[in-house]
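One file, run-v7.pdb, is given below (PDB, C-alpha atoms, pLDDT in the B column).
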```
MODEL        1
ATOM      1  CA  MET A 962      -8.341  19.394 -59.376  1.00 91.00           C
ATOM      2  CA  ARG A 963     -10.558  16.367 -59.694  1.00 93.00           C
ATOM      3  CA  GLY A 964     -10.891  13.498 -57.260  1.00 94.00           C
ATOM      4  CA  THR A 965     -13.112  10.682 -56.032  1.00 95.00           C
ATOM      5  CA  ILE A 966     -14.447  10.084 -52.525  1.00 96.00           C
ATOM      6  CA  THR A 967     -12.653   7.024 -51.123  1.00 96.00           C
ATOM      7  CA  PHE A 968     -13.795   7.285 -47.499  1.00 97.00           C
ATOM      8  CA  TRP A 969     -16.598   9.113 -45.706  1.00 97.00           C
ATOM      9  CA  SER A 970     -17.263   9.050 -41.957  1.00 96.00           C
ATOM     10  CA  PRO A 971     -20.664   9.686 -40.357  1.00 94.00           C
ATOM     11  CA  LYS A 972     -18.722  12.218 -38.233  1.00 95.00           C
ATOM     12  CA  GLY A 973     -18.566  14.528 -41.281  1.00 94.00           C
ATOM     13  CA  PHE A 974     -15.157  14.086 -42.856  1.00 96.00           C
ATOM     14  CA  GLY A 975     -13.515  11.963 -45.507  1.00 97.00           C
ATOM     15  CA  PHE A 976     -10.890  11.739 -48.202  1.00 97.00           C
ATOM     16  CA  LEU A 977     -10.723  12.386 -51.922  1.00 96.00           C
ATOM     17  CA  ALA A 978      -8.319  10.348 -54.060  1.00 95.00           C
ATOM     18  CA  LYS A 979      -6.685  12.899 -56.333  1.00 88.00           C
ATOM     19  CA  ASP A 980      -6.489  12.061 -60.018  1.00 82.00           C
ATOM     20  CA  GLY A 981      -2.785  11.446 -60.495  1.00 84.00           C
ATOM     21  CA  GLY A 982      -2.235  10.082 -56.978  1.00 88.00           C
ATOM     22  CA  GLY A 983      -2.489  11.019 -53.333  1.00 91.00           C
ATOM     23  CA  GLU A 984      -5.402  11.888 -51.080  1.00 94.00           C
ATOM     24  CA  THR A 985      -6.897  15.114 -49.768  1.00 94.00           C
ATOM     25  CA  TYR A 986      -8.913  15.632 -46.587  1.00 96.00           C
ATOM     26  CA  VAL A 987     -12.459  16.995 -46.963  1.00 96.00           C
ATOM     27  CA  HIS A 988     -14.792  18.221 -44.223  1.00 95.00           C
ATOM     28  CA  VAL A 989     -18.570  18.480 -44.373  1.00 95.00           C
ATOM     29  CA  SER A 990     -18.349  22.233 -43.668  1.00 94.00           C
ATOM     30  CA  GLN A 991     -16.512  22.730 -46.982  1.00 93.00           C
ATOM     31  CA  LEU A 992     -19.213  20.754 -48.797  1.00 92.00           C
ATOM     32  CA  ARG A 993     -21.925  22.938 -47.210  1.00 93.00           C
ATOM     33  CA  LYS A 994     -20.062  26.149 -48.135  1.00 91.00           C
ATOM     34  CA  SER A 995     -19.979  24.891 -51.717  1.00 90.00           C
ATOM     35  CA  GLY A 996     -23.742  24.273 -51.798  1.00 89.00           C
ATOM     36  CA  CYS A 997     -23.653  20.471 -51.436  1.00 87.00           C
ATOM     37  CA  ASP A 998     -26.444  19.738 -48.966  1.00 85.00           C
ATOM     38  CA  ASP A 999     -26.247  15.947 -48.927  1.00 88.00           C
ATOM     39  CA  GLU A1000     -23.268  13.864 -47.902  1.00 89.00           C
ATOM     40  CA  PRO A1001     -21.115  12.361 -50.646  1.00 93.00           C
ATOM     41  CA  GLU A1002     -21.098   8.705 -51.601  1.00 93.00           C
ATOM     42  CA  ILE A1003     -18.022   6.525 -51.990  1.00 96.00           C
ATOM     43  CA  GLY A1004     -16.922   6.724 -55.624  1.00 95.00           C
ATOM     44  CA  GLU A1005     -18.537  10.110 -56.263  1.00 95.00           C
ATOM     45  CA  SER A1006     -16.358  12.574 -58.207  1.00 95.00           C
ATOM     46  CA  PHE A1007     -15.716  16.230 -57.387  1.00 95.00           C
ATOM     47  CA  ASP A1008     -13.813  19.131 -58.849  1.00 95.00           C
ATOM     48  CA  TYR A1009     -12.162  21.103 -56.057  1.00 96.00           C
ATOM     49  CA  SER A1010      -9.375  23.409 -54.971  1.00 95.00           C
ATOM     50  CA  ILE A1011      -6.768  22.767 -52.289  1.00 94.00           C
ATOM     51  CA  ASP A1012      -5.862  25.054 -49.424  1.00 94.00           C
ATOM     52  CA  TYR A1013      -3.605  24.574 -46.406  1.00 95.00           C
ATOM     53  CA  THR A1014      -4.047  24.917 -42.672  1.00 93.00           C
ATOM     54  CA  ALA A1015      -1.642  27.038 -40.617  1.00 96.00           C
ATOM     55  CA  ASP A1016       0.370  23.890 -39.839  1.00 96.00           C
ATOM     56  CA  GLY A1017       0.646  22.897 -43.509  1.00 94.00           C
ATOM     57  CA  ARG A1018      -2.019  20.199 -43.847  1.00 92.00           C
ATOM     58  CA  SER A1019      -3.998  20.262 -47.092  1.00 92.00           C
ATOM     59  CA  PHE A1020      -7.791  20.217 -47.386  1.00 95.00           C
ATOM     60  CA  ALA A1021     -10.324  20.415 -50.192  1.00 95.00           C
ATOM     61  CA  HIS A1022     -12.583  23.451 -50.673  1.00 94.00           C
ATOM     62  CA  SER A1023     -14.764  24.966 -53.415  1.00 95.00           C
ATOM     63  CA  LEU A1024     -16.095  21.492 -54.167  1.00 95.00           C
ATOM     64  CA  ARG A1025     -18.370  20.848 -57.140  1.00 94.00           C
ATOM     65  CA  ARG A1026     -19.893  17.496 -58.087  1.00 93.00           C
ATOM     66  CA  THR A1027     -18.985  16.267 -61.537  1.00 91.00           C
ATOM     67  CA  ASN A1028     -21.436  14.574 -63.889  1.00 72.00           C
ATOM     68  CA  GLU A1029     -19.466  11.394 -64.508  1.00 56.00           C
TER
ENDMDL
END
```
The structure in this file should be written as structure tokens.
Amino acid sequence: MRGTITFWSPKGFGFLAKDGGGETYVHVSQLRKSGCDDEPEIGESFDYSIDYTADGRSFAHSLRRTNE
């Protein structure tokens, strides 16, 4: 999937607007696991995969910055 950062908190979480509609939660730990050492900027685009928590909430993982 591809999406754009619409919100980022200094507490280390934010949201990606999915191309085609909707939003996905993203946590700084998933960025670090993907090799992104600096925090994202509003409007920055990422390719990513979606996974689900045990209670069914979605989150982004395997994030990769795009070159747009």
Could you write out as a PyMOL selection string the residues that the PyMOL selection byres ((chain A and resi 989) around 9) matches in the shown file?
-> chain A and resi 972-975+987-988+990-994+997+1000
Applied to this file, what does the PyMOL selection byres ((chain A and resi 1012-1018) around 12) return in terms of residues, put as an MDAnalysis selection string?
-> chainID A and resid 962 984:987 991 1009:1011 1019:1024
Minimum-distance residue to Arg1025 (chain A), chosen among A:Ser970, A:Gly1004, A:Gly964, A:Phe976 (using all atoms listed in the file) | A:Gly964
Using all atoms listed in the file, which of A:Ser1006, A:Pro1001, A:Phe968, A:Ser995 sits nearest Asp980 (chain A)?
->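 Going through A:Ser1006, A:Pro1001, A:Phe968, A:Ser995 one by one, the smallest distance to Asp980 (chain A) is for A:Ser1006.
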Interatomic distance, CA of Asp1008 (chain A) to CA of Arg963 (chain A) (Å, one decimal) =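 Computed distance, CA of Asp1008 (chain A) to CA of Arg963 (chain A), equals 4.4 Å.
CA of Gly982 (chain A) is found 18.4 Å from CA of Thr1027 (chain A).
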